[in-house]
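The data block below is work_2.cif; it holds mmCIF, C-alpha atoms.
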data_upload
loop_
_atom_site.label_atom_id
_atom_site.label_comp_id
_atom_site.auth_asym_id
_atom_site.auth_seq_id
_atom_site.Cartn_x
_atom_site.Cartn_y
_atom_site.Cartn_z
CA MET O 1 21.23 23.48 16.83
CA ASP O 2 19.29 21.64 14.16
CA LEU O 3 17.56 18.39 15.11
CA VAL O 4 16.67 15.99 12.35
CA PHE O 5 14.12 13.37 13.29
CA CYS O 6 13.13 10.70 10.77
CA ARG O 7 10.28 8.25 11.05
CA SER O 8 7.83 6.53 8.71
CA ASN O 9 9.55 7.77 5.55
CA ARG O 10 9.51 11.43 6.62
CA CYS O 11 12.06 13.79 8.11
CA TYR O 12 11.25 16.56 10.57
CA VAL O 13 13.91 19.24 10.85
CA PHE O 14 14.02 21.50 13.90
CA CYS O 15 15.86 24.74 13.22
CA ALA O 16 16.51 26.66 16.40
CA ASN O 17 16.55 30.42 15.88
CA LYS O 18 19.08 32.45 17.90
CA ARG O 19 18.67 35.79 19.55
CA ASP O 20 21.46 38.36 19.78
CA ASN O 21 22.37 37.22 23.28
CA GLY O 22 22.96 33.67 22.03
CA VAL O 23 19.89 32.11 23.69
CA ALA O 24 17.84 29.96 21.33
CA SER O 25 14.29 31.04 20.71
CA PHE O 26 11.42 28.67 20.00
CA PRO O 27 12.32 26.55 16.97
CA PHE O 28 10.37 26.22 13.77
CA ILE O 29 9.71 22.92 12.01
CA THR O 30 10.05 21.84 8.41
CA ARG O 31 9.08 18.45 7.02
CA VAL O 32 10.37 16.83 3.86
CA GLY O 33 10.33 13.37 2.35
CA ILE O 34 12.91 11.11 3.93
CA ASN O 35 14.57 10.24 0.60
CA ARG O 36 15.05 13.93 -0.07
CA CYS O 37 16.89 14.26 3.24
CA PHE O 38 19.34 11.41 3.15
CA GLY O 39 18.57 9.20 0.16
CA LYS O 40 17.37 5.71 0.98
CA VAL O 41 16.95 5.32 4.73
CA SER O 42 15.46 2.47 6.70
CA SER O 43 12.07 2.95 8.34
CA ASP O 44 13.62 2.70 11.83
CA THR O 45 13.70 5.90 13.84
CA THR O 46 16.88 7.88 13.23
CA PHE O 47 18.17 10.90 15.08
CA GLY O 48 20.82 13.26 13.78
CA LEU O 49 22.25 16.21 15.70
CA HIS O 50 24.17 18.88 13.84
CA ARG O 51 26.21 21.87 14.98
CA ALA O 52 25.92 21.43 18.74
CA GLN O 53 25.19 24.72 20.50
CA PRO O 54 25.08 25.82 24.15
CA SER O 55 22.96 23.75 26.48
CA ALA O 56 20.17 26.37 26.65
CA THR O 57 18.80 24.92 23.43
CA MET O 58 18.63 21.44 24.96
CA ILE O 59 15.78 22.64 27.18
CA TYR O 60 13.49 22.30 24.21
CA LEU O 61 14.51 18.83 23.08
CA SER O 62 12.36 16.62 25.30
CA GLY O 63 9.20 18.59 24.54
CA LEU O 64 10.02 18.79 20.84
CA VAL O 65 10.61 15.08 20.47
CA VAL O 66 7.31 14.34 22.19
CA PHE O 67 5.62 16.81 19.85
CA LEU O 68 7.20 15.07 16.87
CA LEU O 69 5.94 11.71 18.02
CA VAL O 70 2.44 13.14 18.15
CA LEU O 71 2.83 14.56 14.66
CA THR O 72 3.98 11.28 13.18
CA ALA O 73 1.07 9.47 14.80
CA GLU O 74 -1.51 11.76 13.16
CA ALA O 75 -3.09 10.87 9.86
CA ARG O 76 -1.94 12.95 6.94
CA VAL O 77 -5.19 14.52 5.88
CA GLY O 78 -4.57 18.14 5.11
CA ASN O 79 -5.15 21.25 3.07
CA SER O 80 -5.69 20.69 -0.63
CA SER O 81 -3.23 23.50 -1.38
CA GLU O 82 -0.46 20.97 -0.74
CA SER O 83 -1.58 18.92 -3.75
CA LYS O 84 -1.26 19.77 -7.44
CA PHE O 85 -4.27 17.75 -8.57
CA CYS O 86 -6.56 17.59 -5.53
CA PHE O 87 -8.23 20.98 -5.65
CA GLU O 88 -12.02 20.48 -5.51
CA THR O 89 -12.23 19.79 -1.76
CA GLU O 90 -10.72 21.67 1.17
CA GLN O 91 -8.96 18.57 2.52
CA CYS O 92 -7.15 15.80 0.68
CA LEU O 93 -5.16 12.70 1.44
CA LEU O 94 -1.51 13.74 1.58
CA PHE O 95 1.47 11.55 0.79
CA ASP O 96 5.25 11.43 0.58
CA LEU O 97 6.71 10.84 -2.86
CA ILE O 98 9.36 8.13 -2.57
CA CYS O 99 10.42 8.01 -6.21
CA GLU O 100 9.13 8.51 -9.72
CA THR O 101 9.80 6.83 -13.04
CA ASP O 102 8.50 7.66 -16.50
CA GLN O 103 5.62 5.19 -15.98
CA TYR O 104 4.63 5.38 -12.31
CA GLU O 105 5.17 6.97 -8.92
CA VAL O 106 5.86 5.31 -5.59
CA ARG O 107 4.11 7.01 -2.66
CA HIS O 108 3.93 6.49 1.08
CA TYR O 109 0.57 7.01 2.78
CA ASP O 110 0.07 7.14 6.53
CA SER O 111 -2.62 5.16 8.31
CA VAL O 112 -5.96 6.96 7.98
CA LYS O 113 -9.64 6.35 8.68
CA TRP O 114 -12.26 6.07 5.97
CA VAL O 115 -16.00 5.52 5.93
CA THR O 116 -16.61 2.48 3.77
CA THR O 117 -19.31 0.38 2.17
CA GLU O 118 -19.45 -2.60 -0.18
CA GLU O 119 -21.66 -3.21 -3.18
CA SER O 120 -22.01 -6.19 -5.54
CA SER O 121 -22.77 -5.81 -9.22
CA ILE O 122 -21.79 -7.09 -12.64
CA PHE O 123 -20.85 -3.53 -13.63
CA MET O 124 -18.56 -1.23 -11.70
CA GLU O 125 -20.60 1.83 -12.68
CA ILE O 126 -23.78 0.49 -11.04
CA ALA O 127 -21.93 -0.57 -7.88
CA ALA O 128 -20.20 2.81 -7.69
CA MET O 129 -23.48 4.71 -8.00
CA ARG O 130 -25.15 2.72 -5.21
CA ALA O 131 -22.12 2.84 -2.92
CA PHE O 132 -21.59 6.56 -3.47
CA ARG O 133 -25.23 7.33 -2.61
CA ARG O 134 -24.93 5.33 0.62
CA LEU O 135 -21.74 7.05 1.73
CA TYR O 136 -23.06 10.46 0.75
CA LYS O 137 -26.01 9.95 3.09
CA TYR O 138 -23.53 9.27 5.91
CA ILE O 139 -21.61 12.52 5.40
CA THR O 140 -24.82 14.54 5.07
CA GLY O 141 -26.16 13.47 8.46
CA THR O 142 -27.15 9.80 8.43
CA ASN O 143 -24.96 9.01 11.43
CA GLU O 144 -25.46 8.80 15.20
CA LYS O 145 -24.55 12.45 15.78
CA GLU O 146 -26.52 13.64 12.75
CA LYS O 147 -23.31 15.43 11.86
CA LYS O 148 -22.63 16.87 8.43
CA ILE O 149 -19.13 16.05 7.28
CA GLU O 150 -17.19 17.81 4.55
CA MET O 151 -16.43 15.92 1.36
CA THR O 152 -12.76 15.08 0.81
CA ALA O 153 -10.68 13.48 -1.91
CA PRO O 154 -9.89 11.01 -3.22
CA VAL O 155 -12.84 8.65 -3.33
CA LEU O 156 -11.30 5.20 -3.23
CA MET O 157 -12.65 2.02 -4.82
CA LYS O 158 -11.06 -1.34 -4.08
CA MET O 159 -11.21 -3.54 -7.17
CA GLN O 160 -10.78 -7.29 -6.87
CA GLU O 161 -8.80 -9.00 -9.61
CA GLY O 162 -8.83 -12.55 -10.88
CA ASP O 163 -10.78 -14.77 -13.23
CA ARG O 164 -14.47 -13.91 -13.25
CA ARG O 165 -17.12 -14.76 -15.79
CA PHE O 166 -18.69 -11.64 -17.23
CA TRP O 167 -22.13 -12.48 -15.83
CA GLU O 168 -20.83 -13.01 -12.29
CA PRO O 169 -21.11 -10.04 -9.92
CA ALA O 170 -18.03 -8.65 -8.23
CA VAL O 171 -17.73 -6.97 -4.83
CA TYR O 172 -16.63 -3.34 -5.00
CA THR O 173 -15.52 -1.53 -1.84
CA MET O 174 -15.88 2.26 -1.88
CA SER O 175 -14.43 4.58 0.75
CA PHE O 176 -14.71 8.28 1.56
CA LEU O 177 -11.74 9.81 3.36
CA LEU O 178 -12.70 11.27 6.74
CA PRO O 179 -11.56 14.89 7.31
CA ALA O 180 -8.78 15.58 9.81
CA GLU O 181 -11.21 16.76 12.50
CA HIS O 182 -13.06 13.42 12.38
CA GLN O 183 -10.06 11.11 12.17
CA LYS O 184 -9.85 10.39 15.90
CA ASN O 185 -13.54 9.99 16.72
CA PRO O 186 -15.77 9.82 13.63
CA PRO O 187 -19.56 9.64 14.04
CA LYS O 188 -20.84 6.06 13.96
CA PRO O 189 -22.90 5.13 10.91
CA THR O 190 -26.55 4.23 11.42
CA ASP O 191 -26.70 2.19 8.19
CA ASP O 192 -25.47 -1.33 8.91
CA LYS O 193 -23.93 -1.47 5.43
CA VAL O 194 -21.61 1.43 6.27
CA TYR O 195 -18.62 1.14 8.59
CA ILE O 196 -15.50 3.01 9.70
CA GLN O 197 -12.28 1.50 8.44
CA LYS O 198 -8.72 2.30 9.46
CA MET O 199 -6.33 1.50 6.66
CA PRO O 200 -2.73 0.76 7.63
CA ALA O 201 0.18 2.82 6.42
CA MET O 202 1.25 1.64 2.98
CA LYS O 203 3.44 2.28 -0.02
CA VAL O 204 1.73 2.17 -3.40
CA TYR O 205 2.65 2.21 -7.06
CA VAL O 206 0.56 4.88 -8.79
CA GLN O 207 -0.31 5.60 -12.41
CA SER O 208 -2.43 8.65 -13.20
CA TYR O 209 -4.79 9.30 -16.09
CA GLY O 210 -7.38 11.85 -17.14
CA GLY O 211 -10.91 11.66 -18.43
CA TRP O 212 -13.76 9.75 -16.88
CA MET O 213 -13.30 6.70 -14.70
CA SER O 214 -15.24 3.66 -15.87
CA GLY O 215 -14.92 -0.08 -15.55
CA MET O 216 -13.15 -0.22 -18.92
CA SER O 217 -10.80 2.72 -18.33
CA ASP O 218 -9.84 1.40 -14.89
CA LYS O 219 -9.19 -2.05 -16.30
CA ASN O 220 -6.99 -0.64 -19.05
CA GLN O 221 -4.98 1.53 -16.65
CA ALA O 222 -4.57 -1.31 -14.16
CA TYR O 223 -3.24 -3.50 -16.98
CA SER O 224 -0.86 -0.72 -18.07
CA LEU O 225 0.51 -0.25 -14.55
CA SER O 226 0.78 -3.95 -13.74
CA SER O 227 2.58 -4.58 -17.04
CA ALA O 228 5.11 -1.83 -16.26
CA LEU O 229 5.62 -3.23 -12.76
CA ASP O 230 6.10 -6.76 -14.07
CA LEU O 231 8.69 -5.56 -16.59
CA ALA O 232 10.48 -3.67 -13.83
CA GLY O 233 10.50 -6.76 -11.59
CA ALA O 234 8.47 -5.01 -8.90
CA LYS O 235 6.67 -6.96 -6.18
CA TYR O 236 3.11 -5.90 -5.43
CA LYS O 237 -0.23 -7.25 -4.28
CA SER O 238 -1.78 -8.43 -7.52
CA ASP O 239 -5.12 -9.77 -6.25
CA PHE O 240 -6.62 -6.27 -6.02
CA HIS O 241 -5.94 -2.65 -6.84
CA TYR O 242 -7.39 0.70 -5.86
CA ALA O 243 -9.11 3.14 -8.20
CA ALA O 244 -8.84 6.72 -6.92
CA GLY O 245 -11.00 9.55 -8.19
CA TYR O 246 -10.49 13.22 -7.35
CA ASN O 247 -13.28 15.03 -9.18
CA SER O 248 -16.98 15.72 -8.91
CA PRO O 249 -19.18 14.17 -11.60
CA MET O 250 -19.92 17.76 -12.64
CA THR O 251 -16.28 18.45 -13.53
CA LEU O 252 -15.83 18.26 -17.30
CA PHE O 253 -12.17 19.19 -17.79
CA ASN O 254 -8.81 18.53 -16.11
CA ARG O 255 -10.06 15.40 -14.43
CA HIS O 256 -7.58 13.29 -12.45
CA ASN O 257 -7.84 9.57 -11.72
CA GLU O 258 -5.33 7.04 -10.44
CA VAL O 259 -4.66 3.32 -10.18
CA TRP O 260 -2.81 2.03 -7.10
CA TYR O 261 -1.09 -1.29 -6.44
CA VAL O 262 0.21 -1.91 -2.91
CA VAL O 263 3.98 -2.39 -2.71
CA VAL O 264 5.38 -5.66 -1.35
CA ASP O 265 8.85 -5.50 0.25
CA GLU O 266 11.01 -2.65 -1.09
CA PRO O 267 9.66 -0.54 -3.97
CA GLU O 268 11.24 -0.81 -7.39
CA CYS O 269 12.11 2.64 -8.67
CA SER O 270 13.80 1.78 -11.96
CA SER O 271 11.64 2.09 -15.07
CA SER O 272 11.17 -0.92 -17.32
CA GLU O 273 12.94 0.95 -20.14
CA GLU O 274 16.02 1.51 -17.97
CA LEU O 275 16.07 -2.17 -16.99
CA ASN O 276 15.66 -3.31 -20.60
CA LEU O 277 18.51 -1.06 -21.74
CA SER O 278 20.76 -2.35 -18.95
CA LEU O 279 20.28 -5.90 -20.23
CA PHE O 280 21.93 -4.95 -23.53
CA SER O 281 24.63 -2.68 -22.18
#

What does this structure look like when you write it as structure tokens?
Amino acid sequence: MDLVFCRSNRCYVFCANKRDNGVASFPFITRVGINRCFGKVSSDTTFGLHRAQPSATMIYLSGLVVFLLVLTAEARVGNSSESKFCFETEQCLLFDLICETDQYEVRHYDSVKWVTTEESSIFMEIAAMRAFRRLYKYITGTNEKEKKIEMTAPVLMKMQEGDRRFWEPAVYTMSFLLPAEHQKNPPKPTDDKVYIQKMPAMKVYVQSYGGWMSGMSDKNQAYSLSSALDLAGAKYKSDFHYAAGYNSPMTLFNRHNEVWYVVVDEPECSSSEELNLSLFS
């Protein structure tokens, strides 16, 4: 008997192995993106049972469902081998790919904890340098347990948008992702400018780019992504975006950066070119 359990845009498939005597052995689990299982499915919990087998297999179901509920409640921070572009740290923020167009991706991220600080400056580069130094002290032992914490990726910077005179400082919020082993009970910061933040689960529009992240490059990429979203008729939170960096400052080649806008309502997965062509068809 295969049990398919879907929740929070993911499917978990239990495949019960069978011995020669017909008694089911302990099942194994696979997990795939929900849209790859059934196409577009609502976020409500869905159960599907296929190929009903003798009742011996049912012994496992109650325990398995409980185990699945625990899995879905855990933050998706995992091995970097699961990512194509996050390879400099052992652990990375994992996601489910909902859809992809020629201009952007739509991803689902689970709720995870970050260590966060804020810094004001006219220039993003200065704010980033100060904020990074503060957070780096936290992961190298400036916390209540004097615990050293492994670096993860990405480093996230929340960028406020809106009209601002060039001489007016902006507030930049930088966050380090906490490793899986510190997600439940991270050490408390001793610096009052540093705090633990739990971000809610979210869907985001993502556009990737290479090279070095700077205030200008981030602004250009954010404009490129927002323009594509506007042409596609997508709804998103336009008062801020996230800048995500995956590389050490020492990395010279194959750098990977991203711009994220948070999805509002249902994501739009048609590219602006497809929509423009449909208007004339």

Report as an MDAnalysis selection string all protein, DNA and RNA residues lying within 9 Å of O:Met151, evaluated on only C-alpha atoms, omitting residues in the same chain fewer than 5 positions from it. chainID O and resid 89:91 136 139 176:179

Export, as a short mmCIF file (atom, residue, chain, number, x, y, z; two decimals), keeping the file's coordinate frame, the selected residues with C-alpha atoms.
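And here is the file that came out, out_4.cif:
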data_model
loop_
_atom_site.label_atom_id
_atom_site.label_comp_id
_atom_site.auth_asym_id
_atom_site.auth_seq_id
_atom_site.Cartn_x
_atom_site.Cartn_y
_atom_site.Cartn_z
CA THR O 89 -12.23 19.79 -1.76
CA GLU O 90 -10.72 21.67 1.17
CA GLN O 91 -8.96 18.57 2.52
CA TYR O 136 -23.06 10.46 0.75
CA ILE O 139 -21.61 12.52 5.40
CA PHE O 176 -14.71 8.28 1.56
CA LEU O 177 -11.74 9.81 3.36
CA LEU O 178 -12.70 11.27 6.74
CA PRO O 179 -11.56 14.89 7.31
#

Near O:Glu82, within 10 Å and counting all atoms listed in the file, which residues show up once chain neighbours fewer than 2 positions away are dropped, as a ChimeraX atom specification? /O:78-80,84-87,91-95

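Excluding O:Ser208 and any residue on its chain fewer than 3 positions from it, the residues at most 8 Å away by only C-alpha atoms are Tyr104, His256, Asn257, Glu258 and Val259 of chain O.
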
The PyMOL selection byres ((chain O and resi 129-132) around 10) resolved against shown file, as number ranges by chain: O: 116-121, 124-128, 133-138, 155, 157, 172-176, 193-194

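Minimum atom-to-atom distance to O:Gln221, evaluated using all atoms listed in the file, belongs to O:Val206 out of O:Ala170, O:Val206, O:Ile122, O:Ile98.
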
For each of O:Glu266, O:Glu146, O:Glu105, O:Glu161, take the minimum atom-to-atom distance to O:Gln207, counting all atoms listed in the file, then give the residue where this is smallest.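 Answer, going by the shortest atom-to-atom distance: O:Glu105.
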
Give me the residues within 9 Å of O:Ala228 as a PyMOL selection string, counting all atoms listed in the file and dropping any in the same chain fewer than 3 places off. chain O and resi 103-104+223-225+231-234+271-272

Can you list, as an NGL selection string, the residues that the PyMOL selection byres ((chain O and resi 241) around 7) selects here? :O and (158-160 or 240 or 242-243 or 259-261)

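What separates atom CA of O:Thr140 from atom CA of O:Tyr195 is a distance of 15.2 Å.
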
Looking at O:Phe123, O:Pro186, O:Ser217, O:Lys145, which one is nearest to O:Val171, with distances taken over only C-alpha atoms? O:Phe123

When you count only C-alpha atoms, which of these residues is closest to O:Tyr205: O:Thr251, O:Ser226, O:Ser83, O:Thr142? O:Ser226

By how many Å are atom CA of O:Glu181 and atom CA of O:Ala201 apart?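 Pair atom CA of O:Glu181 / atom CA of O:Ala201 returns 19.0 Å.
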
Find, counting all atoms listed in the file, the residue in O:Asp102, O:Asp96, O:Glu268, O:Asp239 that gets nearest to O:Asp163.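 Residue with the minimum atom-to-atom distance to O:Asp163: O:Asp239.
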
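Taking atom CA of O:Gly162 as the reference point, atom CA of O:Ala222 is found at 12.5 Å.
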
Result set of the PyMOL selection byres ((chain O and resi 182) around 12) on the coordinates above, as a list in words: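 Checked against the file, the PyMOL selection byres ((chain O and resi 182) around 12) matches Glu74, Ala75, Val77, Gln91, Val112, Lys113, Trp114, Val115, Ile139, Lys147, Lys148, Ile149, Glu150, Met151, Thr152, Leu177, Leu178, Pro179, Ala180, Glu181, Gln183, Lys184, Asn185, Pro186, Pro187, Lys188 and Ile196 of chain O.
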
At a cut-off of 9 Å, using all atoms listed in the file, what residues contact O:Tyr236? Leave out same-chain residues fewer than 4 positions from it and give the result as a VMD selection string. chain O and resid 204 to 205 226 229 261 to 265 267

Print the selection's residues with C-alpha atoms to a file, as a compact mmCIF listing (two decimals), in the coordinates of the input.
# COMPACT_ATOMS: atom_id res chain seq x y z
CA VAL O 204 1.73 2.17 -3.40
CA TYR O 205 2.65 2.21 -7.06
CA SER O 226 0.78 -3.95 -13.74
CA LEU O 229 5.62 -3.23 -12.76
CA TYR O 261 -1.09 -1.29 -6.44
CA VAL O 262 0.21 -1.91 -2.91
CA VAL O 263 3.98 -2.39 -2.71
CA VAL O 264 5.38 -5.66 -1.35
CA ASP O 265 8.85 -5.50 0.25
CA PRO O 267 9.66 -0.54 -3.97
